[in-house]
Structure formats: C-alpha cells, structure tokens
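Novice: My structure is stored as my_file_21.pdb, with PDB, C-alpha atoms.
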MODEL        1
ATOM      1  CA  MET A 123      88.230  87.841  84.991
ATOM      2  CA  THR A 124      89.211  91.449  85.644
ATOM      3  CA  GLN A 125      91.033  90.857  88.924
ATOM      4  CA  SER A 126      94.695  89.974  88.594
ATOM      5  CA  PHE A 127      97.116  88.624  91.168
ATOM      6  CA  ARG A 128     100.853  88.981  91.041
ATOM      7  CA  GLY A 129     103.475  86.484  92.148
ATOM      8  CA  THR A 130     105.683  86.686  95.226
ATOM      9  CA  ALA A 131     108.348  88.792  93.486
ATOM     10  CA  HIS A 132     107.661  92.449  94.103
ATOM     11  CA  ILE A 133     109.359  95.685  95.046
ATOM     12  CA  LEU A 134     110.271  95.798  98.736
ATOM     13  CA  LEU A 135     108.557  98.791 100.310
ATOM     14  CA  MET A 136     107.811  99.548 103.961
ATOM     15  CA  MET A 137     105.662  96.865 105.577
ATOM     16  CA  ILE A 138     102.308  98.167 106.780
ATOM     17  CA  GLU A 139     101.818  97.158 110.401
ATOM     18  CA  PRO A 140      98.472  95.377 110.975
ATOM     19  CA  ASP A 141      96.372  96.573 113.898
ATOM     20  CA  PHE A 142      96.157  93.536 116.203
ATOM     21  CA  LYS A 143      93.104  94.430 118.290
ATOM     22  CA  ASP A 144      93.118  92.281 121.448
ATOM     23  CA  GLY A 145      96.074  90.520 119.862
ATOM     24  CA  LEU A 146      94.212  89.363 116.732
ATOM     25  CA  VAL A 147      93.576  90.548 113.198
ATOM     26  CA  PRO A 148      90.779  89.093 111.015
ATOM     27  CA  VAL A 149      91.862  87.434 107.772
ATOM     28  CA  ILE A 150      89.892  86.840 104.573
ATOM     29  CA  VAL A 151      91.241  84.080 102.334
ATOM     30  CA  GLN A 152      90.663  84.124  98.570
ATOM     31  CA  ALA A 153      91.655  81.548  95.945
ATOM     32  CA  ALA A 154      94.116  82.901  93.378
ATOM     33  CA  ASP A 155      92.762  80.666  90.605
ATOM     34  CA  THR A 156      88.971  80.995  90.940
ATOM     35  CA  CYS A 157      88.731  84.219  93.044
ATOM     36  CA  GLU A 158      86.383  82.360  95.431
ATOM     37  CA  VAL A 159      86.362  83.574  99.017
ATOM     38  CA  LEU A 160      87.494  80.389 100.742
ATOM     39  CA  MET A 161      87.346  81.110 104.461
ATOM     40  CA  PHE A 162      87.608  83.596 107.291
ATOM     41  CA  ALA A 163      90.002  83.280 110.226
ATOM     42  CA  HIS A 164      92.215  85.253 112.603
ATOM     43  CA  MET A 165      95.951  85.682 113.065
ATOM     44  CA  ASP A 166      97.922  86.657 116.119
ATOM     45  CA  ARG A 167     101.416  88.095 115.628
ATOM     46  CA  GLU A 168     103.059  84.672 115.723
ATOM     47  CA  ALA A 169     100.735  83.311 113.007
ATOM     48  CA  PHE A 170     101.275  86.469 110.938
ATOM     49  CA  GLU A 171     105.064  86.207 111.154
ATOM     50  CA  LEU A 172     105.064  82.456 110.423
ATOM     51  CA  THR A 173     102.855  83.061 107.395
ATOM     52  CA  ARG A 174     105.251  85.748 106.168
ATOM     53  CA  SER A 175     108.384  83.667 106.749
ATOM     54  CA  THR A 176     107.155  80.282 105.457
ATOM     55  CA  GLY A 177     104.707  81.331 102.720
ATOM     56  CA  LEU A 178     102.156  78.915 104.230
ATOM     57  CA  ALA A 179      99.028  80.242 105.948
ATOM     58  CA  HIS A 180      99.027  80.028 109.746
ATOM     59  CA  TYR A 181      96.164  81.215 111.951
ATOM     60  CA  TYR A 182      95.222  81.520 115.581
ATOM     61  CA  SER A 183      92.312  79.277 116.509
ATOM     62  CA  ARG A 184      90.094  81.115 118.981
ATOM     63  CA  SER A 185      88.139  77.939 119.860
ATOM     64  CA  ARG A 186      91.288  75.860 120.488
ATOM     65  CA  GLN A 187      93.277  78.884 121.734
ATOM     66  CA  ARG A 188      96.415  77.954 119.873
ATOM     67  CA  LEU A 189      98.470  78.473 116.718
ATOM     68  CA  TRP A 190      97.098  76.542 113.794
ATOM     69  CA  LYS A 191      98.880  75.758 110.546
ATOM     70  CA  LYS A 192      96.183  75.466 107.882
ATOM     71  CA  GLY A 193      96.220  71.887 106.630
ATOM     72  CA  GLU A 194      98.066  70.426 109.614
ATOM     73  CA  SER A 195      95.386  67.691 109.937
ATOM     74  CA  SER A 196      94.057  67.451 106.382
ATOM     75  CA  GLY A 197      97.253  68.133 104.462
ATOM     76  CA  HIS A 198      95.360  70.831 102.565
ATOM     77  CA  LEU A 199      97.908  73.643 102.779
ATOM     78  CA  GLN A 200      97.441  77.229 101.657
ATOM     79  CA  HIS A 201     100.371  78.629  99.675
ATOM     80  CA  VAL A 202     100.303  82.412  99.989
ATOM     81  CA  ARG A 203     100.645  84.278  96.723
ATOM     82  CA  GLU A 204      99.966  87.738  98.087
ATOM     83  CA  MET A 205      98.963  89.427 101.332
ATOM     84  CA  ARG A 206      96.905  92.632 101.234
ATOM     85  CA  ILE A 207      95.785  94.924 104.014
ATOM     86  CA  ASP A 208      92.751  97.181 104.157
ATOM     87  CA  CYS A 209      92.605 100.967 104.469
ATOM     88  CA  ASP A 210      92.168 100.865 108.263
ATOM     89  CA  ARG A 211      94.946  98.234 108.687
ATOM     90  CA  ASP A 212      92.562  96.067 110.693
ATOM     91  CA  CYS A 213      91.859  93.273 108.203
ATOM     92  CA  LEU A 214      94.102  91.144 105.979
ATOM     93  CA  LEU A 215      93.349  89.513 102.635
ATOM     94  CA  LEU A 216      95.385  86.425 101.735
ATOM     95  CA  ILE A 217      95.418  85.365  98.109
ATOM     96  CA  VAL A 218      96.385  81.711  98.088
ATOM     97  CA  ASP A 219      96.871  78.564  96.091
ATOM     98  CA  GLN A 220      94.640  76.175  98.023
ATOM     99  CA  ASP A 221      95.520  72.481  98.060
ATOM    100  CA  VAL A 222      92.295  70.439  97.552
ATOM    101  CA  ALA A 223      89.837  72.462  99.665
ATOM    102  CA  ALA A 224      89.587  74.965 102.511
ATOM    103  CA  CYS A 225      86.497  73.769 104.384
ATOM    104  CA  HIS A 226      86.643  70.973 106.953
ATOM    105  CA  GLU A 227      83.249  69.830 105.651
ATOM    106  CA  GLY A 228      84.860  68.911 102.340
ATOM    107  CA  TYR A 229      83.798  71.885 100.273
ATOM    108  CA  ARG A 230      86.250  74.008  98.335
ATOM    109  CA  SER A 231      85.002  77.098 100.235
ATOM    110  CA  CYS A 232      83.494  77.455 103.715
ATOM    111  CA  PHE A 233      80.890  79.735 102.081
ATOM    112  CA  TYR A 234      79.206  76.869 100.251
ATOM    113  CA  ARG A 235      75.632  77.795 101.202
ATOM    114  CA  THR A 236      73.387  80.776 100.673
ATOM    115  CA  ILE A 237      71.724  82.227 103.758
ATOM    116  CA  ASP A 238      68.594  80.394 102.582
ATOM    117  CA  GLY A 239      70.339  77.033 102.835
ATOM    118  CA  GLU A 240      70.906  76.339  99.175
ATOM    119  CA  VAL A 241      74.212  74.553  98.537
ATOM    120  CA  VAL A 242      76.093  76.484  95.843
ATOM    121  CA  GLY A 243      79.639  75.321  96.588
ATOM    122  CA  ARG A 244      81.614  72.460  95.167
ATOM    123  CA  LYS A 245      82.484  69.397  97.257
ATOM    124  CA  ALA A 246      86.127  68.380  96.899
ATOM    125  CA  PHE A 247      86.551  65.552  99.404
ATOM    126  CA  GLU A 248      84.713  63.439 101.965
ATOM    127  CA  PRO A 249      85.678  64.573 105.489
ATOM    128  CA  GLY A 250      85.492  60.999 106.821
ATOM    129  CA  ASP A 251      88.143  59.864 104.351
ATOM    130  CA  VAL A 252      90.549  62.665 105.268
ATOM    131  CA  TYR A 253      90.178  63.061 109.025
ATOM    132  CA  ARG A 254      89.407  59.448 110.043
ATOM    133  CA  ALA A 255      92.953  58.123 109.711
ATOM    134  CA  LYS A 256      94.578  60.947 111.685
TER
ATOM    135  CA  MET B  64      86.018  83.057  85.549
ATOM    136  CA  THR B  65      85.045  79.831  87.282
ATOM    137  CA  GLN B  66      83.020  81.425  90.070
ATOM    138  CA  SER B  67      79.420  82.153  89.214
ATOM    139  CA  PHE B  68      76.858  84.225  91.049
ATOM    140  CA  ARG B  69      73.136  83.851  90.723
ATOM    141  CA  GLY B  70      70.445  86.489  90.869
ATOM    142  CA  THR B  71      67.992  87.118  93.666
ATOM    143  CA  ALA B  72      65.448  84.602  92.364
ATOM    144  CA  HIS B  73      66.061  81.271  94.067
ATOM    145  CA  ILE B  74      64.274  78.408  95.773
ATOM    146  CA  LEU B  75      63.042  79.365  99.220
ATOM    147  CA  LEU B  76      64.617  77.025 101.753
ATOM    148  CA  MET B  77      65.068  77.393 105.511
ATOM    149  CA  MET B  78      67.097  80.477 106.457
ATOM    150  CA  ILE B  79      70.330  79.620 108.253
ATOM    151  CA  GLU B  80      70.540  81.649 111.433
ATOM    152  CA  PRO B  81      73.845  83.570 111.728
ATOM    153  CA  ASP B  82      75.689  83.301 115.035
ATOM    154  CA  PHE B  83      75.751  86.889 116.359
ATOM    155  CA  LYS B  84      78.624  86.676 118.858
ATOM    156  CA  ASP B  85      78.380  89.656 121.239
ATOM    157  CA  GLY B  86      75.571  90.847 118.965
ATOM    158  CA  LEU B  87      77.697  91.063 115.799
ATOM    159  CA  VAL B  88      78.613  88.888 112.837
ATOM    160  CA  PRO B  89      81.587  89.678 110.549
ATOM    161  CA  VAL B  90      80.786  90.294 106.882
ATOM    162  CA  ILE B  91      83.006  89.954 103.820
ATOM    163  CA  VAL B  92      81.879  91.918 100.764
ATOM    164  CA  GLN B  93      82.760  90.792  97.238
ATOM    165  CA  ALA B  94      82.027  92.457  93.899
ATOM    166  CA  ALA B  95      79.752  90.387  91.653
ATOM    167  CA  ASP B  96      81.353  91.732  88.472
ATOM    168  CA  THR B  97      85.099  91.544  89.184
ATOM    169  CA  CYS B  98      85.127  89.096  92.151
ATOM    170  CA  GLU B  99      87.296  91.586  94.064
ATOM    171  CA  VAL B 100      87.016  91.483  97.848
ATOM    172  CA  LEU B 101      85.783  95.029  98.461
ATOM    173  CA  MET B 102      85.625  95.443 102.231
ATOM    174  CA  PHE B 103      85.117  93.880 105.625
ATOM    175  CA  ALA B 104      82.505  95.008 108.158
ATOM    176  CA  HIS B 105      80.079  93.801 110.820
ATOM    177  CA  MET B 106      76.314  93.470 111.084
ATOM    178  CA  ASP B 107      74.084  93.422 114.122
ATOM    179  CA  ARG B 108      70.638  91.859 113.798
ATOM    180  CA  GLU B 109      69.034  95.148 112.741
ATOM    181  CA  ALA B 110      71.584  95.676 109.955
ATOM    182  CA  PHE B 111      71.170  92.046 108.859
ATOM    183  CA  GLU B 112      67.389  92.324 108.689
ATOM    184  CA  LEU B 113      67.481  95.687 106.881
ATOM    185  CA  THR B 114      69.919  94.246 104.344
ATOM    186  CA  ARG B 115      67.603  91.292 103.783
ATOM    187  CA  SER B 116      64.465  93.405 103.471
ATOM    188  CA  THR B 117      65.843  96.277 101.338
ATOM    189  CA  GLY B 118      68.484  94.505  99.238
ATOM    190  CA  LEU B 119      70.924  97.281 100.173
ATOM    191  CA  ALA B 120      73.891  96.562 102.450
ATOM    192  CA  HIS B 121      73.588  97.876 106.007
ATOM    193  CA  TYR B 122      76.236  97.416 108.693
ATOM    194  CA  TYR B 123      76.887  98.216 112.321
ATOM    195  CA  SER B 124      79.745 100.663 112.771
ATOM    196  CA  ARG B 125      81.729  99.641 115.846
ATOM    197  CA  SER B 126      83.630 102.956 115.929
ATOM    198  CA  ARG B 127      80.482 105.100 115.666
ATOM    199  CA  GLN B 128      78.358 102.542 117.565
ATOM    200  CA  ARG B 129      75.401 102.862 115.261
ATOM    201  CA  LEU B 130      73.614 101.417 112.245
ATOM    202  CA  TRP B 131      75.246 102.420 108.992
ATOM    203  CA  LYS B 132      73.719 102.195 105.524
ATOM    204  CA  LYS B 133      76.624 101.731 103.120
ATOM    205  CA  GLY B 134      76.759 104.773 100.884
ATOM    206  CA  GLU B 135      74.684 107.029 103.151
ATOM    207  CA  SER B 136      77.364 109.768 102.857
ATOM    208  CA  SER B 137      78.985 108.979  99.523
ATOM    209  CA  GLY B 138      75.932 107.706  97.643
ATOM    210  CA  HIS B 139      77.945 104.602  96.769
ATOM    211  CA  LEU B 140      75.353 101.952  97.590
ATOM    212  CA  GLN B 141      75.848  98.207  97.605
ATOM    213  CA  HIS B 142      73.072  96.245  95.892
ATOM    214  CA  VAL B 143      73.074  92.721  97.320
ATOM    215  CA  ARG B 144      72.965  89.967  94.716
ATOM    216  CA  GLU B 145      73.484  87.082  97.101
ATOM    217  CA  MET B 146      74.209  86.417 100.759
ATOM    218  CA  ARG B 147      76.205  83.356 101.773
ATOM    219  CA  ILE B 148      77.079  81.997 105.200
ATOM    220  CA  ASP B 149      80.064  79.912 106.239
ATOM    221  CA  CYS B 150      80.143  76.382 107.653
ATOM    222  CA  ASP B 151      80.279  77.612 111.262
ATOM    223  CA  ARG B 152      77.499  80.214 110.689
ATOM    224  CA  ASP B 153      79.743  82.901 112.146
ATOM    225  CA  CYS B 154      80.683  84.856 109.016
ATOM    226  CA  LEU B 155      78.650  86.196 106.089
ATOM    227  CA  LEU B 156      79.689  86.793 102.487
ATOM    228  CA  LEU B 157      77.779  89.461 100.554
ATOM    229  CA  ILE B 158      78.055  89.403  96.785
ATOM    230  CA  VAL B 159      77.139  92.881  95.613
ATOM    231  CA  ASP B 160      76.854  95.298  92.742
ATOM    232  CA  GLN B 161      78.950  98.171  94.073
ATOM    233  CA  ASP B 162      78.121 101.703  92.957
ATOM    234  CA  VAL B 163      81.387 103.545  92.119
ATOM    235  CA  ALA B 164      83.643 102.266  94.926
ATOM    236  CA  ALA B 165      83.631 100.693  98.393
ATOM    237  CA  CYS B 166      86.589 102.439 100.068
ATOM    238  CA  HIS B 167      86.275 105.858 101.709
ATOM    239  CA  GLU B 168      89.779 106.611 100.386
ATOM    240  CA  GLY B 169      88.442 106.500  96.831
ATOM    241  CA  TYR B 170      89.628 103.063  95.829
ATOM    242  CA  ARG B 171      87.311 100.443  94.415
ATOM    243  CA  SER B 172      88.361  98.053  97.220
ATOM    244  CA  CYS B 173      89.576  98.755 100.762
ATOM    245  CA  PHE B 174      92.273  96.131 100.085
ATOM    246  CA  TYR B 175      94.133  98.345  97.631
ATOM    247  CA  ARG B 176      97.615  97.789  99.094
ATOM    248  CA  THR B 177      99.857  94.802  99.659
ATOM    249  CA  ILE B 178     101.246  94.343 103.156
ATOM    250  CA  ASP B 179     104.492  95.792 101.745
ATOM    251  CA  GLY B 180     102.777  99.057 100.865
ATOM    252  CA  GLU B 181     102.498  98.632  97.120
ATOM    253  CA  VAL B 182      99.286 100.120  95.724
ATOM    254  CA  VAL B 183      97.626  97.464  93.574
ATOM    255  CA  GLY B 184      94.035  98.743  93.658
ATOM    256  CA  ARG B 185      92.209 101.031  91.292
ATOM    257  CA  LYS B 186      91.216 104.556  92.323
ATOM    258  CA  ALA B 187      87.633 105.384  91.387
ATOM    259  CA  PHE B 188      87.042 108.828  92.926
ATOM    260  CA  GLU B 189      88.697 111.621  94.903
ATOM    261  CA  PRO B 190      87.449 111.550  98.518
ATOM    262  CA  GLY B 191      87.589 115.365  98.739
ATOM    263  CA  ASP B 192      85.140 115.681  95.842
ATOM    264  CA  VAL B 193      82.639 113.257  97.354
ATOM    265  CA  TYR B 194      82.715 113.969 101.084
ATOM    266  CA  ARG B 195      83.475 117.737 101.052
ATOM    267  CA  ALA B 196      79.970 118.859 100.143
ATOM    268  CA  LYS B 197      78.185 116.711 102.745
TER
ENDMDL
END
In structure tokens, write the structure found in this file.
Specialist:
Amino acid sequence: MTQSFRGTAHILLMMIEPDFKDGLVPVIVQAADTCEVLMFAHMDREAFELTRSTGLAHYYSRSRQRLWKKGESSGHLQHVREMRIDCDRDCLLLIVDQDVAACHEGYRSCFYRTIDGEVVGRKAFEPGDVYRAK
Amino acid sequence: MTQSFRGTAHILLMMIEPDFKDGLVPVIVQAADTCEVLMFAHMDREAFELTRSTGLAHYYSRSRQRLWKKGESSGHLQHVREMRIDCDRDCLLLIVDQDVAACHEGYRSCFYRTIDGEVVGRKAFEPGDVYRAK
C-alpha cells in the first residue's frame, strides 16, 4: 500500500475555504484501513462545520432535505481521520474509520457492483437486522 | 492492501443504467496501483459511452460545456481498468491506470492538500513544462 494517511495531529495552517456551489459541496469518502471508496455524499456549511468540530461525518441529504449524521439510524459512524480538498476547492475527500459498513444495503462500500452488475463488494450486515428495530 | 481490482475480462451481466440527473452523473476516479483518489468529474451520456467503448476516460466539462477526453492537452490519459456504480446508481467509480498525473497543477492527485492547507500529495510534473507548448 503506497498511500499513507496521517492522524488528526498536524500543523495548523490556513483553512482552505470549500466552494459551496448552490450551498453544497460534494464529498468522497474513503476508508483509512482498506483505501476503499466507501460512498459519495454532499455537505452544506452546517454539515461541514459539525464534521470539523465533532470529528464525525455529517452530510446534507438532498432527498430528505436535512442535515444527516452518518450512522444516526444504523449506528455505523464515520470517524474522520483527515479531510482533503481538491485543486479547484469544489470537492472534499474524507478519510475515515468506518464502523461496520457505509452502505445502507449492508455492503462495506456503496460501490459494491461493477457497471455490468457483478457484485465485487463485501457484505458486512443484513439491512433488515439493523434498520428493522429502529 | 486489502482492496483488489480485476482486469477488463469479466462475466457479461446486465449493464446497470446510471441515473443521469440533469444529464450528468458524478464520477470518482481512483488509481488502480496506489488506491489514491485522483480526481472528481462528471460524465454525460456521450462521455460515458465513449469511456465504455474506448477504455479511456472521457468527461463532460461543466465550465467549458463540452466533452473532454482526459489527457487531451497534457497527454496524461486514464486507462480504465474497471467501472463501478453505487447503490443508488447516481455515482460512478472509475479505477484507472493513470499516465503521469491526474491534476492540472502537476500533482498525482487533485486532492493533494488537507483542508488546513498542508500539501500531502506528490508532485509529478511542472504544469509550465506540459501546457506551455500546446
């Protein structure tokens, strides 16, 4: 593995301001341990600031039109190890320690299928067991 | 490295249709060799179909409002090893062999900085050397 992630301790430099187009910035989420791309979501400023202040990933759900703490239903939190920003400041990359799994369908990653429908991802839980009791 | 990528030879199953919202689908690009997240872009249907048929990544540039073959200026092509789709069919993940570097600023990845401005990415070329002559 040639990619390395650092911990939360780092030199404090000037924060780079994300470009919230129409109030939102897209966010890519990657697992610190396996390097898997886990999911894709969006943050508004409130979600961004809550993520920064708590160390737990928060997003803005466009379908539900509200703030969404990742894992609020499933308990599968994302602990942020590092936040990166791209050259154009219009996309974020979160490197996280993922509790159990990221996908609501029970897979470790939301990208568990190839475009040709072959399942290549790993199932981590049964959605019925996790969401039924809530 | 616990994540594994397969080659282009695979069982032919039913293609999963991406959800092109407003004609576009977001695309995350990851390096097959290092697992680094290299960049974030969008595809329209034409770019998607050209990527599928040529094996080279094509995108739709929202700023230039036109089809864009990755590497058309720099020569730094992306050879697609695998295309994945997420659970909601509204985001693609390309796993690629990246020639030289993905970022127009000369870094291997567009995500070469933390949100606090620390450069953590690797520089692969000087933009002036590559783009000046074009």
Novice: Using only C-alpha atoms, find the residues of chain B whose closest atom to chain A is at most 9 Å away, then write them as a PDB file with C-alpha atoms, keeping the file's coordinate frame.
Specialist:
ATOM      1  CA  MET B  64      86.018  83.057  85.549  1.00  0.00           C
ATOM      2  CA  THR B  65      85.045  79.831  87.282  1.00  0.00           C
ATOM      3  CA  GLN B  66      83.020  81.425  90.070  1.00  0.00           C
ATOM      4  CA  HIS B  73      66.061  81.271  94.067  1.00  0.00           C
ATOM      5  CA  ILE B  74      64.274  78.408  95.773  1.00  0.00           C
ATOM      6  CA  LEU B  75      63.042  79.365  99.220  1.00  0.00           C
ATOM      7  CA  LEU B  76      64.617  77.025 101.753  1.00  0.00           C
ATOM      8  CA  MET B  77      65.068  77.393 105.511  1.00  0.00           C
ATOM      9  CA  MET B  78      67.097  80.477 106.457  1.00  0.00           C
ATOM     10  CA  ILE B  79      70.330  79.620 108.253  1.00  0.00           C
ATOM     11  CA  GLU B  80      70.540  81.649 111.433  1.00  0.00           C
ATOM     12  CA  PRO B  81      73.845  83.570 111.728  1.00  0.00           C
ATOM     13  CA  ILE B  91      83.006  89.954 103.820  1.00  0.00           C
ATOM     14  CA  GLN B  93      82.760  90.792  97.238  1.00  0.00           C
ATOM     15  CA  ASP B  96      81.353  91.732  88.472  1.00  0.00           C
ATOM     16  CA  THR B  97      85.099  91.544  89.184  1.00  0.00           C
ATOM     17  CA  CYS B  98      85.127  89.096  92.151  1.00  0.00           C
ATOM     18  CA  GLU B  99      87.296  91.586  94.064  1.00  0.00           C
ATOM     19  CA  VAL B 100      87.016  91.483  97.848  1.00  0.00           C
ATOM     20  CA  MET B 102      85.625  95.443 102.231  1.00  0.00           C
ATOM     21  CA  PHE B 103      85.117  93.880 105.625  1.00  0.00           C
ATOM     22  CA  GLU B 145      73.484  87.082  97.101  1.00  0.00           C
ATOM     23  CA  MET B 146      74.209  86.417 100.759  1.00  0.00           C
ATOM     24  CA  ARG B 147      76.205  83.356 101.773  1.00  0.00           C
ATOM     25  CA  ILE B 148      77.079  81.997 105.200  1.00  0.00           C
ATOM     26  CA  ASP B 149      80.064  79.912 106.239  1.00  0.00           C
ATOM     27  CA  CYS B 150      80.143  76.382 107.653  1.00  0.00           C
ATOM     28  CA  ASP B 151      80.279  77.612 111.262  1.00  0.00           C
ATOM     29  CA  CYS B 154      80.683  84.856 109.016  1.00  0.00           C
ATOM     30  CA  LEU B 155      78.650  86.196 106.089  1.00  0.00           C
ATOM     31  CA  LEU B 156      79.689  86.793 102.487  1.00  0.00           C
ATOM     32  CA  CYS B 166      86.589 102.439 100.068  1.00  0.00           C
ATOM     33  CA  HIS B 167      86.275 105.858 101.709  1.00  0.00           C
ATOM     34  CA  GLU B 168      89.779 106.611 100.386  1.00  0.00           C
ATOM     35  CA  SER B 172      88.361  98.053  97.220  1.00  0.00           C
ATOM     36  CA  CYS B 173      89.576  98.755 100.762  1.00  0.00           C
ATOM     37  CA  PHE B 174      92.273  96.131 100.085  1.00  0.00           C
ATOM     38  CA  TYR B 175      94.133  98.345  97.631  1.00  0.00           C
ATOM     39  CA  ARG B 176      97.615  97.789  99.094  1.00  0.00           C
ATOM     40  CA  THR B 177      99.857  94.802  99.659  1.00  0.00           C
ATOM     41  CA  ILE B 178     101.246  94.343 103.156  1.00  0.00           C
ATOM     42  CA  ASP B 179     104.492  95.792 101.745  1.00  0.00           C
ATOM     43  CA  GLY B 180     102.777  99.057 100.865  1.00  0.00           C
ATOM     44  CA  GLU B 181     102.498  98.632  97.120  1.00  0.00           C
TER      45      GLU B 181
END
Novice: For atom CA of Gly145 of chain A and atom CA of Arg167 of chain A, quote the distance in Å rounded to one decimal.
Specialist: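 Computed distance, atom CA of Gly145 of chain A to atom CA of Arg167 of chain A, equals 7.2 Å.
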Novice: Excluding Lys133 of chain B and its own-chain neighbours fewer than 3 positions away, which residues fall within 7 Å of it when counting only C-alpha atoms? Please give them as a ChimeraX atom specification.
Specialist: /B:120-121,140-141
Novice: Please report the interatomic distance between atom CA of Tyr181 of chain A and atom CA of Met165 of chain A in Å with one decimal.
Specialist: 4.6 Å
Novice: Can you tell me which residues surround Ser137 of chain B at a distance of at most 9 Å, considering all atoms listed in the file, apart from same-chain residues fewer than 5 positions away, and format the answer as number ranges by chain?
Specialist: B: 167, 190, 193-194, 197
Novice: Grab the atom CA of Gln220 of chain A to atom CA of Leu178 of chain A distance for me, in Å with one decimal place.
Specialist: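 Atom-to-atom, atom CA of Gln220 of chain A to atom CA of Leu178 of chain A, that is 10.1 Å.
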Novice: Enclose the full set of atoms of segment 102-116 of chain B listed in the file within a box whose edges lie along x, y and z, apply 8 Å of padding to each of the six sides, and report centre and edge lengths in Å to one decimal as AutoDock Vina command-line options.
Specialist:
--center_x 75.0 --center_y 93.5 --center_z 108.2 --size_x 37.2 --size_y 20.4 --size_z 27.9
Novice: Which neighbours of Leu146 of chain A fall inside 7 Å, counting only C-alpha atoms, when residues of the same chain fewer than 2 positions from it are skipped, and could you give them as a list in words?
Specialist: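 Answer for this query is Phe142, Lys143, Asp144, Pro148, His164, Met165 and Asp166 of chain A.
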